[in-house]
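One file, target-v2.tsv, is given below (TSV, C-alpha atoms).
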chain	number	residue	atom	x	y	z
A	1	MET	CA	-25.83	-27.97	-83.66
A	2	PRO	CA	-26.02	-25.39	-86.39
A	3	ASP	CA	-29.82	-25.25	-86.62
A	4	GLY	CA	-30.42	-23.63	-83.26
A	5	GLY	CA	-29.93	-26.64	-80.99
A	6	ILE	CA	-32.64	-28.81	-82.45
A	7	GLY	CA	-31.55	-32.38	-82.89
A	8	PHE	CA	-33.20	-35.74	-82.98
A	9	GLY	CA	-35.05	-35.34	-79.72
A	10	GLY	CA	-35.94	-31.67	-79.89
A	11	PRO	CA	-34.16	-28.72	-78.37
A	12	SER	CA	-31.02	-29.54	-76.47
A	13	ASP	CA	-30.91	-29.18	-72.70
A	14	ALA	CA	-28.50	-26.30	-73.00
A	15	SER	CA	-30.84	-24.34	-75.26
A	16	ARG	CA	-33.80	-24.98	-72.94
A	17	GLY	CA	-31.88	-23.71	-69.98
A	18	GLY	CA	-33.08	-26.56	-67.77
A	19	SER	CA	-31.55	-29.70	-66.42
A	20	ARG	CA	-32.13	-33.15	-67.83
A	21	PRO	CA	-35.13	-34.96	-66.41
A	22	GLN	CA	-34.17	-37.66	-63.98
A	23	ARG	CA	-34.33	-41.19	-65.35
A	24	GLU	CA	-37.15	-43.36	-64.13
A	25	ARG	CA	-36.60	-47.07	-63.66
A	26	VAL	CA	-39.36	-49.21	-65.09
A	27	VAL	CA	-39.91	-52.56	-63.41
A	28	LEU	CA	-42.16	-55.29	-64.68
A	29	SER	CA	-45.29	-55.43	-62.64
A	30	ARG	CA	-47.97	-58.03	-62.26
A	31	ARG	CA	-50.48	-57.85	-65.03
A	32	ALA	CA	-54.10	-58.60	-64.32
A	33	GLY	CA	-54.39	-61.12	-67.15
A	34	ALA	CA	-51.00	-62.79	-66.67
A	35	ARG	CA	-51.01	-66.58	-66.44
A	36	ARG	CA	-49.41	-67.85	-63.24
A	37	VAL	CA	-47.30	-70.94	-63.42
A	38	ARG	CA	-48.81	-73.66	-61.26
A	39	THR	CA	-45.66	-75.48	-60.21
A	40	ARG	CA	-47.33	-77.56	-57.52
A	41	ARG	CA	-49.85	-78.88	-60.05
A	42	GLU	CA	-47.01	-79.52	-62.50
A	43	ILE	CA	-45.28	-81.71	-59.93
A	44	GLU	CA	-48.43	-83.55	-58.86
A	45	GLU	CA	-49.45	-84.29	-62.44
A	46	GLN	CA	-45.88	-85.32	-63.28
A	47	THR	CA	-45.66	-83.12	-66.34
A	48	HIS	CA	-42.36	-82.31	-68.01
A	49	VAL	CA	-41.98	-79.13	-65.95
A	50	GLY	CA	-42.72	-81.06	-62.76
A	51	GLU	CA	-40.16	-83.71	-63.65
A	52	VAL	CA	-37.54	-81.03	-64.29
A	53	LEU	CA	-38.26	-79.39	-60.92
A	54	ALA	CA	-38.19	-82.69	-59.03
A	55	SER	CA	-35.02	-83.83	-60.78
A	56	GLY	CA	-33.42	-80.50	-59.85
A	57	LEU	CA	-34.15	-81.16	-56.18
A	58	VAL	CA	-32.85	-84.72	-56.41
A	59	ARG	CA	-29.71	-83.50	-58.20
A	60	SER	CA	-29.01	-80.82	-55.59
A	61	GLN	CA	-29.48	-83.32	-52.74
A	62	PHE	CA	-27.22	-85.84	-54.49
A	63	LEU	CA	-24.48	-83.27	-55.03
A	64	LEU	CA	-24.73	-82.19	-51.41
A	65	ALA	CA	-24.44	-85.79	-50.19
A	66	THR	CA	-21.50	-86.41	-52.52
A	67	ARG	CA	-19.62	-83.34	-51.24
A	68	PHE	CA	-20.09	-84.32	-47.60
A	69	ALA	CA	-19.14	-87.94	-48.30
A	70	LEU	CA	-15.94	-86.77	-49.98
A	71	LEU	CA	-15.22	-84.52	-47.01
A	72	VAL	CA	-15.53	-87.45	-44.60
A	73	ILE	CA	-13.46	-89.74	-46.84
A	74	VAL	CA	-10.67	-87.17	-47.09
A	75	CYS	CA	-10.70	-86.37	-43.36
A	76	VAL	CA	-10.70	-90.01	-42.31
A	77	GLY	CA	-8.39	-91.18	-45.08
A	78	VAL	CA	-5.69	-88.64	-44.35
A	79	LEU	CA	-5.16	-89.93	-40.80
A	80	PRO	CA	-3.90	-93.45	-41.66
A	81	LEU	CA	-1.81	-91.96	-44.46
A	82	ALA	CA	-0.25	-89.48	-42.02
A	83	PHE	CA	0.50	-92.26	-39.53
A	84	TRP	CA	2.09	-94.36	-42.29
A	85	LEU	CA	4.21	-91.48	-43.59
A	86	PHE	CA	5.24	-90.31	-40.10
A	87	PRO	CA	5.75	-93.36	-37.86
A	88	ASP	CA	6.83	-91.18	-34.94
A	89	LEU	CA	3.39	-89.56	-35.00
A	90	ALA	CA	1.75	-92.97	-34.77
A	91	ALA	CA	3.95	-93.91	-31.83
A	92	THR	CA	3.00	-90.80	-29.86
A	93	THR	CA	0.98	-91.55	-26.74
A	94	VAL	CA	-1.51	-89.33	-24.98
A	95	GLY	CA	-2.56	-90.46	-21.52
A	96	GLY	CA	-1.11	-93.92	-22.17
A	97	VAL	CA	-3.08	-94.41	-25.41
A	98	GLN	CA	-1.56	-94.15	-28.86
A	99	LEU	CA	-2.56	-91.05	-30.81
A	100	ALA	CA	-3.73	-93.16	-33.75
A	101	TRP	CA	-6.24	-94.98	-31.54
A	102	LEU	CA	-7.46	-91.73	-30.03
A	103	LEU	CA	-8.01	-90.02	-33.37
A	104	LEU	CA	-9.41	-92.97	-35.31
A	105	GLY	CA	-11.27	-94.58	-32.41
A	106	ALA	CA	-12.67	-91.62	-30.50
A	107	ALA	CA	-12.19	-88.25	-32.20
A	108	ILE	CA	-13.80	-89.44	-35.40
A	109	TYR	CA	-17.28	-89.55	-33.85
A	110	PRO	CA	-17.58	-85.82	-33.11
A	111	LEU	CA	-16.39	-85.20	-36.68
A	112	LEU	CA	-19.08	-87.51	-38.08
A	113	ALA	CA	-21.75	-85.94	-35.86
A	114	GLY	CA	-20.74	-82.45	-37.00
A	115	VAL	CA	-20.75	-83.41	-40.67
A	116	GLY	CA	-24.13	-85.10	-40.23
A	117	TRP	CA	-25.56	-82.01	-38.55
A	118	LEU	CA	-24.26	-79.75	-41.33
A	119	TYR	CA	-25.61	-82.11	-44.00
A	120	VAL	CA	-29.09	-82.09	-42.47
A	121	ARG	CA	-29.06	-78.28	-42.26
A	122	GLN	CA	-28.04	-77.93	-45.89
A	123	ALA	CA	-30.50	-80.59	-47.10
A	124	GLU	CA	-33.36	-78.89	-45.24
A	125	ARG	CA	-32.30	-75.57	-46.78
A	126	ASN	CA	-32.46	-77.14	-50.25
A	127	GLU	CA	-35.93	-78.52	-49.51
A	128	GLN	CA	-37.08	-75.16	-48.14
A	129	GLN	CA	-35.91	-73.38	-51.28
A	130	PHE	CA	-37.69	-75.99	-53.40
A	131	SER	CA	-40.93	-75.62	-51.47
A	132	GLU	CA	-40.73	-71.82	-51.79
A	133	LEU	CA	-40.25	-72.23	-55.51
A	134	VAL	CA	-43.29	-74.51	-55.70
A	135	GLU	CA	-45.43	-72.15	-53.60
A	136	ASP	CA	-44.84	-69.19	-55.93
Please lay out the structure from this file as C-alpha cells.
Amino acid sequence: MPDGGIGFGGPSDASRGGSRPQRERVVLSRRAGARRVRTRREIEEQTHVGEVLASGLVRSQFLLATRFALLVIVCVGVLPLAFWLFPDLAATTVGGVQLAWLLLGAAIYPLLAGVGWLYVRQAERNEQQFSELVED
C-alpha cells in the first residue's frame, strides 16, 4: 500500500510488526428474555406444531415398519424362488429332512425373532429421540 500501510482496517500487520490476532468463534448463547418453545404443550393442545411433531413420529415408525416388513418378505420370498430355480437344492436332505422344510419350517423362526428384536430396538430409539425433542 503506497500510503504507509494504512488500508481499510488500519495499519497492516506487517507495518505493526505483530502477528494477527487469533480468531474467536462466537456461538449463540441462551438469552435471558428468549422465548422457549413448549413442545409438550404444543402436542397436548394439538396445535399445528404438535400435529407436525406427532405426524413426524408416526411417519418415522411407519417407515421403520415398512423397511423391516420388506426385509422379511425378501428373505422369506427368496427361498421358494431359489428352490424353484434350483430343484437339486430343494431335493437336498439334511438329517433325513429336506432342506426346504428345514429352512421354511424351522430356520425362519429365529430370523423372525431377530427382525422383531431389531424392530423393537429401533422403534424405541425413535420414541426416545421424540421424547428428548419434546423435553427440550
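You will find atom CA of A:Gln122 at 27.5 Å from atom CA of A:Thr47.
For the set A:Phe86, A:Val74, A:Pro80, A:Phe68, the residue with the smallest atom-to-atom gap to A:Gly116 is A:Phe68, counting only C-alpha atoms.
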Point to revise | Polymer residues at most 12 Å from stretch 103-111 of chain A, all atoms listed in the file, same-chain spacing of 6 or more positions, as an MDAnalysis selection string | key: chainID A and resid 68 71:73 75:83 89:90 92:94 97 117:118
Exercise for review: Quick one: pull the distance between atom CA of A:Thr66 and atom CA of A:Gln46, Å, one decimal.
Suggested key: 26.7 Å
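Going from atom CA of A:Trp84 over to atom CA of A:Ala100, you cover 10.4 Å.
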Exercise for review: Just the residues within 12 Å of A:Arg59, please, counting all atoms listed in the file, with nothing from its chain fewer than 5 positions along; format it as a ChimeraX atom specification.
Suggested key: /A:51-54,64-66,123,126-127,130
File for stretch 46-84 of chain A (N, CA and C atoms), as a PDB file, in the first residue's frame:
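So part38.pdb came out as:
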ATOM      1  N   GLN A  46     -52.737 -30.016  20.816  1.00  0.00           N
ATOM      2  CA  GLN A  46     -52.958 -30.394  19.426  1.00  0.00           C
ATOM      3  C   GLN A  46     -52.931 -29.187  18.495  1.00  0.00           C
ATOM      4  N   THR A  47     -51.931 -28.362  18.681  1.00  0.00           N
ATOM      5  CA  THR A  47     -51.740 -27.225  17.784  1.00  0.00           C
ATOM      6  C   THR A  47     -51.083 -27.723  16.495  1.00  0.00           C
ATOM      7  N   HIS A  48     -50.883 -26.812  15.575  1.00  0.00           N
ATOM      8  CA  HIS A  48     -50.266 -27.193  14.297  1.00  0.00           C
ATOM      9  C   HIS A  48     -48.859 -27.747  14.512  1.00  0.00           C
ATOM     10  N   VAL A  49     -48.094 -27.115  15.385  1.00  0.00           N
ATOM     11  CA  VAL A  49     -46.732 -27.591  15.671  1.00  0.00           C
ATOM     12  C   VAL A  49     -46.789 -28.985  16.301  1.00  0.00           C
ATOM     13  N   GLY A  50     -47.719 -29.193  17.224  1.00  0.00           N
ATOM     14  CA  GLY A  50     -47.871 -30.500  17.850  1.00  0.00           C
ATOM     15  C   GLY A  50     -48.265 -31.577  16.859  1.00  0.00           C
ATOM     16  N   GLU A  51     -49.145 -31.222  15.927  1.00  0.00           N
ATOM     17  CA  GLU A  51     -49.540 -32.184  14.895  1.00  0.00           C
ATOM     18  C   GLU A  51     -48.369 -32.541  13.999  1.00  0.00           C
ATOM     19  N   VAL A  52     -47.544 -31.559  13.677  1.00  0.00           N
ATOM     20  CA  VAL A  52     -46.368 -31.820  12.836  1.00  0.00           C
ATOM     21  C   VAL A  52     -45.395 -32.742  13.566  1.00  0.00           C
ATOM     22  N   LEU A  53     -45.177 -32.490  14.848  1.00  0.00           N
ATOM     23  CA  LEU A  53     -44.265 -33.342  15.622  1.00  0.00           C
ATOM     24  C   LEU A  53     -44.804 -34.762  15.730  1.00  0.00           C
ATOM     25  N   ALA A  54     -46.083 -34.903  16.049  1.00  0.00           N
ATOM     26  CA  ALA A  54     -46.675 -36.235  16.189  1.00  0.00           C
ATOM     27  C   ALA A  54     -46.679 -36.965  14.849  1.00  0.00           C
ATOM     28  N   SER A  55     -46.996 -36.254  13.774  1.00  0.00           N
ATOM     29  CA  SER A  55     -47.006 -36.914  12.466  1.00  0.00           C
ATOM     30  C   SER A  55     -45.588 -37.323  12.056  1.00  0.00           C
ATOM     31  N   GLY A  56     -44.588 -36.579  12.496  1.00  0.00           N
ATOM     32  CA  GLY A  56     -43.201 -36.976  12.231  1.00  0.00           C
ATOM     33  C   GLY A  56     -42.851 -38.283  12.912  1.00  0.00           C
ATOM     34  N   LEU A  57     -43.311 -38.449  14.156  1.00  0.00           N
ATOM     35  CA  LEU A  57     -43.070 -39.711  14.868  1.00  0.00           C
ATOM     36  C   LEU A  57     -43.799 -40.856  14.185  1.00  0.00           C
ATOM     37  N   VAL A  58     -45.055 -40.639  13.831  1.00  0.00           N
ATOM     38  CA  VAL A  58     -45.835 -41.687  13.170  1.00  0.00           C
ATOM     39  C   VAL A  58     -45.184 -42.058  11.839  1.00  0.00           C
ATOM     40  N   ARG A  59     -44.729 -41.058  11.080  1.00  0.00           N
ATOM     41  CA  ARG A  59     -44.084 -41.311   9.801  1.00  0.00           C
ATOM     42  C   ARG A  59     -42.806 -42.120   9.979  1.00  0.00           C
ATOM     43  N   SER A  60     -41.998 -41.764  10.969  1.00  0.00           N
ATOM     44  CA  SER A  60     -40.741 -42.496  11.174  1.00  0.00           C
ATOM     45  C   SER A  60     -41.013 -43.936  11.593  1.00  0.00           C
ATOM     46  N   GLN A  61     -42.035 -44.150  12.436  1.00  0.00           N
ATOM     47  CA  GLN A  61     -42.376 -45.515  12.848  1.00  0.00           C
ATOM     48  C   GLN A  61     -42.928 -46.314  11.661  1.00  0.00           C
ATOM     49  N   PHE A  62     -43.728 -45.671  10.816  1.00  0.00           N
ATOM     50  CA  PHE A  62     -44.274 -46.354   9.649  1.00  0.00           C
ATOM     51  C   PHE A  62     -43.167 -46.752   8.678  1.00  0.00           C
ATOM     52  N   LEU A  63     -42.230 -45.844   8.434  1.00  0.00           N
ATOM     53  CA  LEU A  63     -41.125 -46.163   7.531  1.00  0.00           C
ATOM     54  C   LEU A  63     -40.255 -47.284   8.081  1.00  0.00           C
ATOM     55  N   LEU A  64     -40.052 -47.276   9.379  1.00  0.00           N
ATOM     56  CA  LEU A  64     -39.279 -48.345  10.010  1.00  0.00           C
ATOM     57  C   LEU A  64     -39.987 -49.684   9.841  1.00  0.00           C
ATOM     58  N   ALA A  65     -41.293 -49.723  10.111  1.00  0.00           N
ATOM     59  CA  ALA A  65     -42.055 -50.961   9.961  1.00  0.00           C
ATOM     60  C   ALA A  65     -42.060 -51.429   8.514  1.00  0.00           C
ATOM     61  N   THR A  66     -42.165 -50.511   7.578  1.00  0.00           N
ATOM     62  CA  THR A  66     -42.166 -50.867   6.160  1.00  0.00           C
ATOM     63  C   THR A  66     -40.834 -51.475   5.744  1.00  0.00           C
ATOM     64  N   ARG A  67     -39.736 -50.884   6.215  1.00  0.00           N
ATOM     65  CA  ARG A  67     -38.410 -51.436   5.870  1.00  0.00           C
ATOM     66  C   ARG A  67     -38.234 -52.843   6.410  1.00  0.00           C
ATOM     67  N   PHE A  68     -38.637 -53.073   7.658  1.00  0.00           N
ATOM     68  CA  PHE A  68     -38.471 -54.405   8.235  1.00  0.00           C
ATOM     69  C   PHE A  68     -39.417 -55.408   7.587  1.00  0.00           C
ATOM     70  N   ALA A  69     -40.625 -54.978   7.218  1.00  0.00           N
ATOM     71  CA  ALA A  69     -41.545 -55.881   6.525  1.00  0.00           C
ATOM     72  C   ALA A  69     -40.978 -56.279   5.162  1.00  0.00           C
ATOM     73  N   LEU A  70     -40.409 -55.321   4.448  1.00  0.00           N
ATOM     74  CA  LEU A  70     -39.791 -55.643   3.164  1.00  0.00           C
ATOM     75  C   LEU A  70     -38.604 -56.584   3.334  1.00  0.00           C
ATOM     76  N   LEU A  71     -37.841 -56.394   4.397  1.00  0.00           N
ATOM     77  CA  LEU A  71     -36.721 -57.295   4.670  1.00  0.00           C
ATOM     78  C   LEU A  71     -37.208 -58.727   4.868  1.00  0.00           C
ATOM     79  N   VAL A  72     -38.259 -58.902   5.648  1.00  0.00           N
ATOM     80  CA  VAL A  72     -38.795 -60.243   5.897  1.00  0.00           C
ATOM     81  C   VAL A  72     -39.359 -60.826   4.606  1.00  0.00           C
ATOM     82  N   ILE A  73     -40.102 -60.023   3.846  1.00  0.00           N
ATOM     83  CA  ILE A  73     -40.692 -60.515   2.594  1.00  0.00           C
ATOM     84  C   ILE A  73     -39.605 -60.970   1.627  1.00  0.00           C
ATOM     85  N   VAL A  74     -38.539 -60.196   1.521  1.00  0.00           N
ATOM     86  CA  VAL A  74     -37.452 -60.568   0.611  1.00  0.00           C
ATOM     87  C   VAL A  74     -36.755 -61.833   1.102  1.00  0.00           C
ATOM     88  N   CYS A  75     -36.454 -61.886   2.404  1.00  0.00           N
ATOM     89  CA  CYS A  75     -35.743 -63.064   2.934  1.00  0.00           C
ATOM     90  C   CYS A  75     -36.577 -64.335   2.797  1.00  0.00           C
ATOM     91  N   VAL A  76     -37.850 -64.243   3.087  1.00  0.00           N
ATOM     92  CA  VAL A  76     -38.712 -65.422   3.017  1.00  0.00           C
ATOM     93  C   VAL A  76     -39.077 -65.725   1.562  1.00  0.00           C
ATOM     94  N   GLY A  77     -39.266 -64.704   0.759  1.00  0.00           N
ATOM     95  CA  GLY A  77     -39.663 -64.916  -0.624  1.00  0.00           C
ATOM     96  C   GLY A  77     -38.562 -65.453  -1.511  1.00  0.00           C
ATOM     97  N   VAL A  78     -37.331 -65.213  -1.164  1.00  0.00           N
ATOM     98  CA  VAL A  78     -36.213 -65.698  -1.968  1.00  0.00           C
ATOM     99  C   VAL A  78     -36.070 -67.211  -1.845  1.00  0.00           C
ATOM    100  N   LEU A  79     -36.413 -67.775  -0.708  1.00  0.00           N
ATOM    101  CA  LEU A  79     -36.222 -69.215  -0.506  1.00  0.00           C
ATOM    102  C   LEU A  79     -37.062 -70.062  -1.464  1.00  0.00           C
ATOM    103  N   PRO A  80     -38.373 -69.868  -1.559  1.00  0.00           N
ATOM    104  CA  PRO A  80     -39.126 -70.672  -2.532  1.00  0.00           C
ATOM    105  C   PRO A  80     -38.668 -70.442  -3.975  1.00  0.00           C
ATOM    106  N   LEU A  81     -38.297 -69.196  -4.280  1.00  0.00           N
ATOM    107  CA  LEU A  81     -37.789 -68.908  -5.618  1.00  0.00           C
ATOM    108  C   LEU A  81     -36.501 -69.676  -5.885  1.00  0.00           C
ATOM    109  N   ALA A  82     -35.615 -69.731  -4.911  1.00  0.00           N
ATOM    110  CA  ALA A  82     -34.356 -70.469  -5.062  1.00  0.00           C
ATOM    111  C   ALA A  82     -34.619 -71.961  -5.231  1.00  0.00           C
ATOM    112  N   PHE A  83     -35.580 -72.497  -4.480  1.00  0.00           N
ATOM    113  CA  PHE A  83     -35.899 -73.921  -4.606  1.00  0.00           C
ATOM    114  C   PHE A  83     -36.555 -74.215  -5.954  1.00  0.00           C
ATOM    115  N   TRP A  84     -37.300 -73.272  -6.513  1.00  0.00           N
ATOM    116  CA  TRP A  84     -37.935 -73.471  -7.809  1.00  0.00           C
ATOM    117  C   TRP A  84     -36.901 -73.392  -8.931  1.00  0.00           C
TER     118      TRP A  84
END
